[in-house]
Every structure is written in C-alpha cells, then in structure tokens.
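J.: Quick one: this structure, given as structure tokens, is what I'll be asking you about.
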Number of protein chains: 2
Amino acid sequence: MQVLPGLVNHQIRLASRPVGTPTRDNWSFTTEAVHEPPPGGVVIRTLYLSLDPAMRGWMNDAKSYIAPVGVGEVMRAGGIGLVIASHSPAFAVGDHVSAGLGVQEYCMIPESHLKSSGLFKVDPRVGSLTQWLNVLGMPGMTGYFGLTDVGQPQPGETVVVSGAAGAVGQTVGQLAKIRGCRAVGIAGGTAKCEWVVNELGFDACIDYKGGNVREGLKQHCPKGVDVYFDNVGGDILDHVLAKINRKARIIICGAISQYNNTAPVQGPKNYLSLLVNRARMEGIVVFDYADRYHLAVAEMAEYLKDGRMKSREDVVYGLDTFPEALLKLFNGENFGKLVLQVAS
Amino acid sequence: MQVLPGLVNHQIRLASRPVGTPTRDNWSFTTEAVHEPPPGGVVIRTLYLSLDPAMRGWMNDAKSYIAPVGVGEVMRAGGIGLVIASHSPAFAVGDHVSAGLGVQEYCMIPESHLKSSGLFKVDPRVGSLTQWLNVLGMPGMTGYFGLTDVGQPQPGETVVVSGAAGAVGQTVGQLAKIRGCRAVGIAGGTAKCEWVVNELGFDACIDYKGGNVREGLKQHCPKGVDVYFDNVGGDILDHVLAKINRKARIIICGAISQYNNTAPVQGPKNYLSLLVNRARMEGIVVFDYADRYHLAVAEMAEYLKDGRMKSREDVVYGLDTFPEALLKLFNGENFGKLVLQVAS
C-alpha cells in the first residue's frame with residue numbers, strides 16, 4: 001500500500017480504563033502514516049467528531065449494547081468527514097460522509113467494513129455538517145425514535161425531557177411541540193433554560209442547578225407528566241416519577257448523572273410509581289432503528305427547512321483537546337450538541 | 001331497621017397508621033349489631049377473608065391506586081361469604097358471594113354499593129371457596145393479566161416469578177408452563193421450592209433464603225430471562241435485571257420486601273439494564289381488567305378441572321388472629337395463598 005504523501009494521522013487511543021471521571025492519563029496519543037485504501041476501500045479526513053455521553057460507557061469493560069473499546073484501540077467516535085481517496089464505486093473523492101471514524105484525523109475503511117462502519121453520504125444542502133451530527137445524526141435519531149416509538153406522545157399530553165439543551169433533548173422537546181404536546185425541559189443554568197424556551201419554543205424549562213426540580217414540575221406540569229424522556233437518571237428521575245400520570249411512558253435513554261460514579265448506580269427509589277400508575281419504563285438504543293433513519297432524516301430535514309426545528313452545536317476545536325472536551329458533557333458545560341472540530 | 005336477632009358483628013378497625021411493621025396497637029376491636037338490609041341491599045356472613053401484601057399499602061396515608069383506609073374504619077379486605085339476608089332480586093339467601101367484605105363477621109351492602117363492592121356470586125362447583133380467593137380471585141386475576149397482557153410470554157421463553165409459592169406466583173408459573181414457557185420460581189425455603197417444582201410443575205425454583213439468587217438464576221436460566229414477574233423488589237429485582245434478555249418485560253406487581261421499610265424504598269440499581277437490553281418495566285393493577293375477569297376465570301376453571309392448574313391455600317382460623325396472621329406475608333411464613341377463615 002502506497003502512503004498518501006505528506007499525511008500524518010494523529011490518533012487518540014484508550015490507554016487505560018478510567019475509574020470515575022476520565023483523565024488525560026487514560027489516553028495515549030499516537031501517529032501513523034496514511035495509506036492508499038485497498039481495492040474497494042476509502043480514506044476519510046475527519047472534519048467533525050461527535051462527543052456523546054455514551055462514550056463514557058464504551059470505556060468500561062462491561063457488557064453493554066455494544067462491545068467496549070479495547071485498551072490500546074483508537075477511541076470510538078462517530079463523525080463527519082471528507083472522502084480524500086476512494087477505490088469504492090459508491091464514494092467519490094470530495095463526498096461528505098458520516099461514519100464511525102474514531103478519534104483520529106484520518107480513517108481508512110476497507111470494503112469489508114463499509115457497511116458495519118455505518119458509512120453514508122451526507123448532503124450539506126439538507127443540513128450543515130454539524131447538524132448531521134445533531135438533529136440529523138445519532139442524537140436526533142435517538143430523540144426521534146425514543147419519543148415517537150417508545151414514548152408515543154398524544155396531542156395535549158405533557159412531555160418532559162432532561163438534558164433539554166443537549167443534543168437529544170433539543171430534538172425531543174421540539175418534536176413534542178410539533179406533535180401537539182406540552183414540552184417541558186430540564187436543564188442546568190438560566191442561559192440554557194432561556195434558550196430552550198425562547199429559541200426552541202418549549203413551554204417551560206426547569207433549571208436544576210438554580211431551582212427546585214420538584215417545585216418546577218409542580219408548576220409547569222399542572223396536568224402531570226405523560227411522557228418523560230430521561231437522559232440523566234439520579235434524583236431528577238425520582239422527582240419525575242413522583243409526578244407521572246396513569247399509563248405514563250418513561251424512556252430510558254441515558255443516565256449522565258451516574259456515568260462517572262465510583263459508587264453503585266442510584267436506582268430510582270420511586271419506581272413503584274410505575275405500579276400505582278400502571279406506567280412503563282423502557283430503554284432505547286438507537287441502532288435498532290437503523291432501517292428507518294432515512295425516513296426520520298427526511299422528516300427532520302423538512303422541519304429544519306420550515307423553521308420548526310432549530311439546533312445548536314457547541315463546537316470545540318482541535319483533536320488534542322478531546323480529553324478535556326469530553327468532560328464538558330459530564331459537568332453540563334456544553335451548550336448544545338458537543339462537537340469536536342478536527343479539520344476544516 | 002330491624003336487628004337480625006342474636007347476631008353480633010365483630011370488627012377490626014384501623015386504629016392508627018403503622019410505622020414499619022404493623023402491631024396489635026394499630027388495630028381496634030369493635031362490635032355492632034347486625035341489621036336487616038334496607039330495600040335492595042344484602043347482608044353477608046363472612047366465611048373467608050383474603051390476606052394480601054397490598055393491605056399494608058392501604059394502611060398508609062399515601063396517594064396510590066386506591067384510597068387509603070381511614071383511621072377508625074373497618075379494615076378493607078376482599079372475601080367470600082354467604083348471603084344471610086337479601087332484599088335484592090339478584091341475590092338469594094344461601095348464595096355464596098365474593099365482595100369487599102372488610103375484616104368483620106358480617107357485611108351489609110346497600111343497593112347503591114352492590115356494584116362498587118365488587119359483589120358477585122361464586123360457584124363452589126367451579127372451585128373451592130378458598131380457590132375463589134386464590135387462582136380464581138384477585139391474585140389469580142393479577143397473575144393472569146400481568147403475565148399475559150403485560151408480560152406477553154412467547155413459547156420457549158423463560159419466565160421468572162418471585163414469591164413463587166404465594167398466591168400470585170402460583171398462577172404466574174403454572175400459566176407460564178401452560179403457555180409453553182420455561183418457568184423458574186424464586187421462593188423462601190426448601191419446602192416451598194420443592195412444592196413449586198414437584199407439585200406445580202415449575203422447571204426450577206431458587207431458594208432465596210438458603211441459596212444464592214444470582215447463582216440460581218445463572219444455573220436455571222441458561223438462556224437468560226425474557227419475562228420477570230416481580231412481587232418482591234429489593235435485591236432480587238436487581239439480580240434478575242442483571243440477567244434479562246433483549247426486549248425483556250418486567251411486570252411490577254409488588255415489592256413485599258419494601259412494604260414495612262422505614263427507610264426509603266430501595267430503587268433498582270441495575271435499572272440501566274433496561275437501556276442496554278431495550279427492555280420494559282411496567283406496573284399492573286388488577287382492577288383495570290375487571291371487564292375481562294369472567295373470561296380469565298372461565299379459562300382458569302378449565303385448567304383446574306383438567307389438573308393443569310393447582311392451588312394451595314394457607315388457612316388461618318379466627319377473626320381475632322388477623323393482626324398476627326397478616327404479618328405472615330411479610331416474613332414469608334405463609335405457604336400458599338394466605339386466607340383467614342372467619343366462619344364455616
């Protein structure tokens with residue numbers, strides 16, 4: 001294999017499994033030459049990487065919905081890139097694509113992995129490259145299928161979503177409004193809450209940092225909670241459980257409050273509210289809906305075009321900032337979908 | 001209203017709300033004369049009362065699926081009785097009936113309450129009077145609709161039920177076998193476990209008192225757990241959550257391990273297994289299925305007749321023993337459906 005002249009691939013690999021919050025010591029920094037792709041393969045230059053709470057789970061050596069990242073492997077990450085070399089008839093140099101690129105500057109995908117890497121072309125006219133990692137990407141799909149398929153919101157119902165200013169939360173709340181529901185967010189800080197209400201059009205947003213979530217739910221969900229989309233777990237899940245209506249649906253999408261715990265996960269003390277209210281708590285993993293992504297993307301693209309769906313990305317620059325950038329997710333510092341720009 | 005000559009109604013009333021395990025001090029003992037029923041009403045002599053874990057919840061002043069029993073009121077209880085006076089065309093003296101009779105020897109039901117008391121005739125040829133409080137009664141209905149409607153077991157799947165030797169558990173496991181599933185019980189003590197396997201035909205039963213539930217699940221659920229019918233909560237719920245399969249269904253029917261807690265309820269620490277496995281946890285309240293009881297009773301009566309369904313009742317004698325008899329449920333002393341015989 002010929003080396004693509006002059007190109008050096010900077011990579012970030014998992015050096016050790018973190019206990020609690022990951023530190024720079026858990027990562028190693030390597031460089032490799034970039035080669036011509038083998039027949040049928042492509043080489044992609046990473047432009048943007050998606051930073052997601054789920055990444056913390058992939059760093060643990062635990063059975064989950066996906067295999068853990070091995071120690072010594074390039075850290076797994078979805079991203080948007082530009083095809084710079086192709087021996088595949090399906091992709092041309094200059095195509096923008098989405099794929100599991102990993103935390104590195106260049107990604108070679110052999111023909112045998114084109115499908116499993118989730119590689120597909122993205123159209124920058126439908127949405128910006130960062131929107132393709134947000135409302136048109138995995139977080140958007142997660143929000144879309146979690147809300148519509150698991151939550152099944154009916155017009156007039158009250159939908160609550162935590163992490164409301166995050167990638168998934170943005171989608172869920174705006175989609176709830178489009179479906180004729182009352183949308184109430186939970187987010188951290190005045191700026192995020194104001195943005196969620198004023199820009200995204202939620203009916204209300206409860207500031208879990210500055211306010212009292214229990215009181216906020218009482219005030220903003222006068223008819224109780226029919227659907228709760230949970231991204232955070234912990235006390236907030238318990239507060240919402242205390243306010244659910246009969247036949248409520250709780251979508252378990254994540255538990256960001258618990259991911260860096262060294263203590264055992266905090267189970268929902270109020271789970272018997274499920275019994276009293278004949279309610280349902282159900283997990284969602286977005287990959288299960290892969291065969292319907294194209295339908296959801298088409299629908300969301302319409303909403304982006306007609307202005308009913310907005311998005312915000314929090315873009316951090318430079319591959320080397322990855323270790324610190326990731327932590328923004330866990331202290332709630334990111335404002336909008338967190339994206340790492342690797343090249344332009 | 002004329003007094004029915006010579007009849008004295010002994011009653012047990014809630015005197016105060018218990019903190020933790022109820023004691024005799026939480027009850028008061030009263031007597032009343034028994035009157036002729038008003039036009040359209042009936043008087044019933046209590047024969048058997050159903051003692052159920054749910055009664056503990058009714059003693060708390062908390063929002064639930066049913067109003068709490070008021071302090072000073074006769075304790076709520078379902079039961080089987082004999083009509084001894086009737087001014088209702090629908091019921092004749094000598095009829096056996098099921099109704100919310102309360103913990104008392106006689107119950108007068110006025111015409112206006114005939115429906116809300118759940119009064120209906122039972123046929124002793126279809127099942128014994130105690131079976132009408134067990135597999136043909138509320139516990140049976142709870143097991144039936146919880147398993148079939150919420151659990152939706154498919155042939156070949158593994159169904160686990162806790163409280164397997166209890167009223168609901170008996171029904172769930174036997175019904176799971178009838179539906180072509182592998183049935184694994186969890187119960188306390190060798191005698192119960194052996195009975196569940198040898199008499200009821202479960203494939204296995206794990207002794208939570210003498211054994212290790214985690215190891216037991218590993219051994220007896222080699223293909224994982226598809227449906228879990230939870231009557232107990234606590235650590236056992238967590239152990240099962242760690243073993244569920246993709247798209248598993250967990251029916252939350254009760255949490256007997258938690259009912260006398262003075263500490264907060266123990267939430268399931270492993271609830272994120274719902275996410276990893278795209279699984280569902282859902283509450284059931286049997287009253288929601290009232291319009292289909294007759295169908296389930298007819299089906300269960302067939303199984304009783306052809307021997308595919310068996311039942312065991314643990315009968316305690318005498319109204320006065322109620323305070324202590326109730327506690328058998330919470331320390332696992334009852335073996336089979338706990339029933340209080342008040343008269344014969």
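Please note that chains go A, B, ... in the order of the structure tokens, that every chain numbers its residues from 1, and that ligands are numbered from 1 in the order shown.
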Write down, as a ChimeraX atom specification, each residue of chain A that has any atom within 10 Å of an atom of chain B, counting only C-alpha atoms.

T.: /A:63-66,150,233,238,246-255,264-286,288

J.: Tell me which protein, DNA and RNA residues are within 12 Å of range 215-217 of chain B, counting only C-alpha atoms, leaving out same-chain ones fewer than 3 positions away, and put them as a PyMOL selection string.

T.: chain B and resi 158-162+183-187+204-212+220-225+228+236-244

J.: Would you put the residues from that selection into a file with N, CA and C atoms, as an mmCIF file, in the first residue's frame?

T.:
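After the write, again.cif holds the following:
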```
data_model
loop_
_atom_site.group_PDB
_atom_site.id
_atom_site.type_symbol
_atom_site.label_atom_id
_atom_site.label_comp_id
_atom_site.auth_asym_id
_atom_site.auth_seq_id
_atom_site.Cartn_x
_atom_site.Cartn_y
_atom_site.Cartn_z
ATOM 1 N N THR B 158 -38.185 -17.786 28.760
ATOM 2 C CA THR B 158 -38.008 -18.071 30.177
ATOM 3 C C THR B 158 -38.735 -17.015 31.012
ATOM 4 N N VAL B 159 -39.637 -17.495 31.869
ATOM 5 C CA VAL B 159 -40.396 -16.623 32.757
ATOM 6 C C VAL B 159 -39.929 -16.872 34.193
ATOM 7 N N VAL B 160 -39.530 -15.814 34.882
ATOM 8 C CA VAL B 160 -39.132 -15.921 36.286
ATOM 9 C C VAL B 160 -40.179 -15.204 37.127
ATOM 10 N N VAL B 161 -40.553 -15.801 38.259
ATOM 11 C CA VAL B 161 -41.504 -15.137 39.155
ATOM 12 C C VAL B 161 -41.011 -15.260 40.587
ATOM 13 N N SER B 162 -41.026 -14.136 41.297
ATOM 14 C CA SER B 162 -40.675 -14.155 42.718
ATOM 15 C C SER B 162 -41.958 -14.325 43.528
ATOM 16 N N ALA B 183 -40.525 -22.069 33.262
ATOM 17 C CA ALA B 183 -40.946 -21.322 34.447
ATOM 18 C C ALA B 183 -39.959 -21.548 35.580
ATOM 19 N N VAL B 184 -39.389 -20.454 36.071
ATOM 20 C CA VAL B 184 -38.436 -20.531 37.178
ATOM 21 C C VAL B 184 -38.959 -19.660 38.314
ATOM 22 N N GLY B 185 -39.151 -20.273 39.480
ATOM 23 C CA GLY B 185 -39.644 -19.535 40.627
ATOM 24 C C GLY B 185 -38.526 -19.082 41.548
ATOM 25 N N ILE B 186 -38.838 -18.120 42.381
ATOM 26 C CA ILE B 186 -37.957 -17.742 43.488
ATOM 27 C C ILE B 186 -38.843 -17.758 44.733
ATOM 28 N N ALA B 187 -38.444 -18.519 45.749
ATOM 29 C CA ALA B 187 -39.257 -18.633 46.960
ATOM 30 C C ALA B 187 -38.327 -18.844 48.147
ATOM 31 N N ALA B 204 -37.879 -25.040 37.712
ATOM 32 C CA ALA B 204 -36.893 -24.893 38.786
ATOM 33 C C ALA B 204 -37.408 -23.854 39.767
ATOM 34 N N CYS B 205 -36.853 -23.869 40.985
ATOM 35 C CA CYS B 205 -37.202 -22.831 41.945
ATOM 36 C C CYS B 205 -35.964 -22.513 42.787
ATOM 37 N N ILE B 206 -35.655 -21.250 42.889
ATOM 38 C CA ILE B 206 -34.456 -20.783 43.589
ATOM 39 C C ILE B 206 -34.834 -20.390 45.013
ATOM 40 N N ASP B 207 -34.111 -20.927 45.970
ATOM 41 C CA ASP B 207 -34.375 -20.646 47.386
ATOM 42 C C ASP B 207 -33.593 -19.399 47.801
ATOM 43 N N TYR B 208 -34.295 -18.275 47.938
ATOM 44 C CA TYR B 208 -33.578 -17.031 48.251
ATOM 45 C C TYR B 208 -33.097 -17.006 49.696
ATOM 46 N N LYS B 209 -33.687 -17.857 50.529
ATOM 47 C CA LYS B 209 -33.223 -17.878 51.916
ATOM 48 C C LYS B 209 -31.991 -18.770 52.082
ATOM 49 N N GLY B 210 -32.031 -19.907 51.428
ATOM 50 C CA GLY B 210 -30.939 -20.856 51.629
ATOM 51 C C GLY B 210 -29.850 -20.753 50.580
ATOM 52 N N GLY B 211 -30.134 -20.111 49.459
ATOM 53 C CA GLY B 211 -29.171 -20.157 48.360
ATOM 54 C C GLY B 211 -28.766 -18.782 47.885
ATOM 55 N N ASN B 212 -28.130 -18.789 46.747
ATOM 56 C CA ASN B 212 -27.623 -17.567 46.150
ATOM 57 C C ASN B 212 -28.463 -17.300 44.902
ATOM 58 N N HIS B 220 -30.325 -21.796 36.385
ATOM 59 C CA HIS B 220 -31.651 -22.222 35.931
ATOM 60 C C HIS B 220 -32.210 -21.406 34.762
ATOM 61 N N CYS B 221 -31.533 -20.340 34.409
ATOM 62 C CA CYS B 221 -31.969 -19.550 33.246
ATOM 63 C C CYS B 221 -30.812 -19.491 32.252
ATOM 64 N N PRO B 222 -30.428 -20.621 31.687
ATOM 65 C CA PRO B 222 -29.245 -20.632 30.811
ATOM 66 C C PRO B 222 -29.430 -19.756 29.575
ATOM 67 N N LYS B 223 -30.675 -19.508 29.187
ATOM 68 C CA LYS B 223 -30.912 -18.640 28.022
ATOM 69 C C LYS B 223 -31.368 -17.241 28.455
ATOM 70 N N GLY B 224 -31.070 -16.862 29.702
ATOM 71 C CA GLY B 224 -31.450 -15.537 30.185
ATOM 72 C C GLY B 224 -32.917 -15.478 30.577
ATOM 73 N N VAL B 225 -33.362 -14.275 30.907
ATOM 74 C CA VAL B 225 -34.731 -14.075 31.397
ATOM 75 C C VAL B 225 -35.492 -13.184 30.412
ATOM 76 N N TYR B 228 -39.998 -11.244 33.658
ATOM 77 C CA TYR B 228 -39.861 -11.356 35.115
ATOM 78 C C TYR B 228 -41.089 -10.738 35.764
ATOM 79 N N ILE B 236 -33.540 -8.870 44.930
ATOM 80 C CA ILE B 236 -33.912 -9.898 43.948
ATOM 81 C C ILE B 236 -34.218 -9.257 42.598
ATOM 82 N N LEU B 237 -34.904 -8.134 42.618
ATOM 83 C CA LEU B 237 -35.166 -7.412 41.369
ATOM 84 C C LEU B 237 -33.850 -7.050 40.681
ATOM 85 N N ASP B 238 -32.880 -6.607 41.462
ATOM 86 C CA ASP B 238 -31.585 -6.260 40.865
ATOM 87 C C ASP B 238 -30.881 -7.473 40.270
ATOM 88 N N HIS B 239 -30.955 -8.593 40.961
ATOM 89 C CA HIS B 239 -30.317 -9.802 40.432
ATOM 90 C C HIS B 239 -30.945 -10.200 39.099
ATOM 91 N N VAL B 240 -32.258 -10.123 39.012
ATOM 92 C CA VAL B 240 -32.903 -10.513 37.758
ATOM 93 C C VAL B 240 -32.590 -9.501 36.657
ATOM 94 N N LEU B 241 -32.582 -8.218 37.004
ATOM 95 C CA LEU B 241 -32.259 -7.201 35.990
ATOM 96 C C LEU B 241 -30.905 -7.488 35.336
ATOM 97 N N ALA B 242 -30.003 -8.057 36.111
ATOM 98 C CA ALA B 242 -28.672 -8.357 35.566
ATOM 99 C C ALA B 242 -28.700 -9.532 34.589
ATOM 100 N N LYS B 243 -29.826 -10.238 34.517
ATOM 101 C CA LYS B 243 -29.898 -11.441 33.674
ATOM 102 C C LYS B 243 -30.918 -11.332 32.544
ATOM 103 N N ILE B 244 -31.521 -10.181 32.358
ATOM 104 C CA ILE B 244 -32.590 -10.101 31.352
ATOM 105 C C ILE B 244 -32.031 -10.115 29.934
#
```

J.: At a cut-off of 12 Å, using only C-alpha atoms, what residues contact Gly166 in chain A? Leave out same-chain residues fewer than 2 positions from it and give the result as a ChimeraX atom specification.

T.: /A:51-53,134-135,139-140,143,161-164,168-173,185-188,192-193,195-196,200,230-232,256,311-314,328-330,332-339

J.: Using DSSP on the backbone coordinates, identify all residues within range 198-278 of chain A classified as alpha helix (DSSP H); present the result as a list in words.

T.: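 The alpha helix (DSSP H) residues within range 198-278 of chain A come out as Asn198, Val213, Arg214, Glu215, Gly216, Leu217, Lys218, Gln219, His220, Gly234, Asp235, Ile236, Leu237, Asp238, His239, Val240, Leu241, Ser273, Leu274, Leu275 and Val276 of chain A.
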
J.: For a test of reading the model, state the distance in Å between CA of Lys305 in chain A and CA of Arg125 in chain A, rounded to one decimal.

T.: 10.2 Å

J.: One decimal, Å: what's the distance from CA of Glu199 in chain A over to CA of Lys177 in chain A, could you say?

T.: 12.8 Å

J.: Could you check the closest approach to Tyr289 in chain B for each of B:Asp61, B:Asp149, B:Glu32, B:Asp306 and tell me which residue wins, using only C-alpha atoms?

T.: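 Among the listed residues, the smallest separation from Tyr289 in chain B belongs to B:Asp149.
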
J.: Measuring between only C-alpha atoms, which one of A:Val34, A:Val342, A:Val315, A:Ile84 shows the shortest distance to Gly102 in chain A?

T.: A:Val342

J.: What parts of range 49-227 of chain A does DSSP call strand (DSSP E)? I'd like the answer as a PyMOL selection string.

T.: chain A and resi 49-50+78-86+96-100+106-109+120-121+158-162+182-187+204-207+225-227

J.: Suppose we keep N, CA and C atoms; can you now write the selection as a compact mmCIF listing (two decimals), in the first residue's frame?

T.:
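Wrote result18.txt, looks like this:
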```
# COMPACT_ATOMS: atom_id res chain seq x y z
N LEU A 49 -16.11 15.46 14.93
CA LEU A 49 -16.43 14.25 15.69
C LEU A 49 -17.55 14.56 16.68
N SER A 50 -18.39 13.60 16.85
CA SER A 50 -19.50 13.73 17.79
C SER A 50 -19.01 13.28 19.17
N GLY A 78 -18.33 8.65 16.37
CA GLY A 78 -18.96 8.93 15.10
C GLY A 78 -18.49 10.30 14.61
N GLY A 79 -18.53 10.50 13.30
CA GLY A 79 -18.08 11.80 12.82
C GLY A 79 -18.50 12.05 11.38
N ILE A 80 -18.19 13.27 10.96
CA ILE A 80 -18.43 13.68 9.58
C ILE A 80 -17.07 13.94 8.95
N GLY A 81 -16.85 13.42 7.77
CA GLY A 81 -15.56 13.61 7.12
C GLY A 81 -15.71 13.81 5.63
N LEU A 82 -14.54 13.94 5.00
CA LEU A 82 -14.46 14.18 3.56
C LEU A 82 -13.67 13.02 2.97
N VAL A 83 -14.23 12.42 1.93
CA VAL A 83 -13.51 11.33 1.26
C VAL A 83 -12.33 11.94 0.50
N ILE A 84 -11.09 11.47 0.85
CA ILE A 84 -9.91 12.02 0.16
C ILE A 84 -9.25 10.98 -0.75
N ALA A 85 -9.64 9.73 -0.60
CA ALA A 85 -9.17 8.71 -1.53
C ALA A 85 -10.22 7.61 -1.56
N SER A 86 -10.53 7.13 -2.74
CA SER A 86 -11.58 6.11 -2.82
C SER A 86 -11.28 5.10 -3.92
N HIS A 96 -18.96 14.25 1.18
CA HIS A 96 -19.07 14.34 2.64
C HIS A 96 -19.78 13.09 3.14
N VAL A 97 -19.24 12.49 4.19
CA VAL A 97 -19.82 11.24 4.69
C VAL A 97 -19.91 11.26 6.21
N SER A 98 -20.78 10.44 6.72
CA SER A 98 -20.89 10.18 8.15
C SER A 98 -20.47 8.74 8.38
N ALA A 99 -19.73 8.50 9.46
CA ALA A 99 -19.31 7.12 9.76
C ALA A 99 -18.71 7.07 11.16
N GLY A 100 -18.48 5.86 11.61
CA GLY A 100 -17.71 5.67 12.83
C GLY A 100 -16.25 5.89 12.50
N TYR A 106 -7.55 10.77 10.30
CA TYR A 106 -7.87 10.06 9.06
C TYR A 106 -8.37 8.67 9.41
N CYS A 107 -9.29 8.20 8.59
CA CYS A 107 -9.85 6.88 8.85
C CYS A 107 -9.90 6.11 7.54
N MET A 108 -9.25 4.96 7.51
CA MET A 108 -9.33 4.12 6.34
C MET A 108 -10.38 3.05 6.60
N ILE A 109 -11.32 2.94 5.69
CA ILE A 109 -12.35 1.92 5.84
C ILE A 109 -12.24 0.94 4.67
N PHE A 120 -22.24 6.55 5.33
CA PHE A 120 -23.20 7.02 4.32
C PHE A 120 -22.90 8.46 3.95
N LYS A 121 -23.33 8.83 2.75
CA LYS A 121 -23.10 10.20 2.27
C LYS A 121 -24.07 11.17 2.94
N THR A 158 -48.37 15.96 28.22
CA THR A 158 -47.19 16.69 28.69
C THR A 158 -45.96 15.80 28.57
N VAL A 159 -44.97 16.30 27.84
CA VAL A 159 -43.70 15.59 27.64
C VAL A 159 -42.61 16.35 28.39
N VAL A 160 -41.90 15.65 29.27
CA VAL A 160 -40.77 16.25 29.98
C VAL A 160 -39.49 15.61 29.46
N VAL A 161 -38.46 16.42 29.26
CA VAL A 161 -37.17 15.86 28.84
C VAL A 161 -36.05 16.51 29.65
N SER A 162 -35.16 15.66 30.17
CA SER A 162 -33.98 16.18 30.87
C SER A 162 -32.83 16.30 29.87
N ARG A 182 -47.46 19.49 25.22
CA ARG A 182 -46.80 20.48 26.06
C ARG A 182 -45.39 19.95 26.31
N ALA A 183 -44.36 20.79 26.05
CA ALA A 183 -42.97 20.35 26.21
C ALA A 183 -42.33 21.11 27.36
N VAL A 184 -41.84 20.35 28.34
CA VAL A 184 -41.17 20.95 29.50
C VAL A 184 -39.77 20.36 29.58
N GLY A 185 -38.76 21.25 29.55
CA GLY A 185 -37.38 20.79 29.63
C GLY A 185 -36.84 20.88 31.04
N ILE A 186 -35.76 20.16 31.28
CA ILE A 186 -34.97 20.32 32.50
C ILE A 186 -33.54 20.51 32.02
N ALA A 187 -32.91 21.60 32.45
CA ALA A 187 -31.54 21.89 32.00
C ALA A 187 -30.81 22.64 33.12
N ALA A 204 -41.82 25.42 28.81
CA ALA A 204 -41.14 25.82 30.05
C ALA A 204 -39.85 25.03 30.16
N CYS A 205 -38.93 25.52 30.99
CA CYS A 205 -37.71 24.77 31.25
C CYS A 205 -37.30 24.99 32.70
N ILE A 206 -37.05 23.91 33.39
CA ILE A 206 -36.72 23.94 34.82
C ILE A 206 -35.21 23.90 34.99
N ASP A 207 -34.69 24.85 35.74
CA ASP A 207 -33.24 24.94 35.98
C ASP A 207 -32.87 24.08 37.18
N VAL A 225 -47.33 14.35 34.27
CA VAL A 225 -46.37 14.02 33.22
C VAL A 225 -46.82 12.74 32.51
N ASP A 226 -46.98 12.83 31.21
CA ASP A 226 -47.40 11.64 30.44
C ASP A 226 -46.22 10.90 29.83
N VAL A 227 -45.24 11.67 29.38
CA VAL A 227 -44.05 11.07 28.78
C VAL A 227 -42.83 11.74 29.40
```

J.: Which neighbours of His294 in chain A fall inside 12 Å, counting only C-alpha atoms, when residues of the same chain fewer than 2 positions from it are skipped, and could you give them as a list in words?

T.: Phe120, Lys121, Val122, Leu136, Gly137, Met138, Gly140, Met141, Tyr144, Tyr289, Ala290, Asp291, Arg292, Ala296, Val297, Ala298, Glu299, Met300 and Ala301 of chain A

J.: CA of Ser28 in chain B and CA of Ile44 in chain B, how far apart in Å?

T.: 21.8 Å

J.: For Leu319 in chain B, which residue among B:Leu7, B:Leu340, B:Leu101, B:Thr190 is the nearest when counting only C-alpha atoms?

T.: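 Nearest candidate to Leu319 in chain B out of B:Leu7, B:Leu340, B:Leu101, B:Thr190: B:Leu340.
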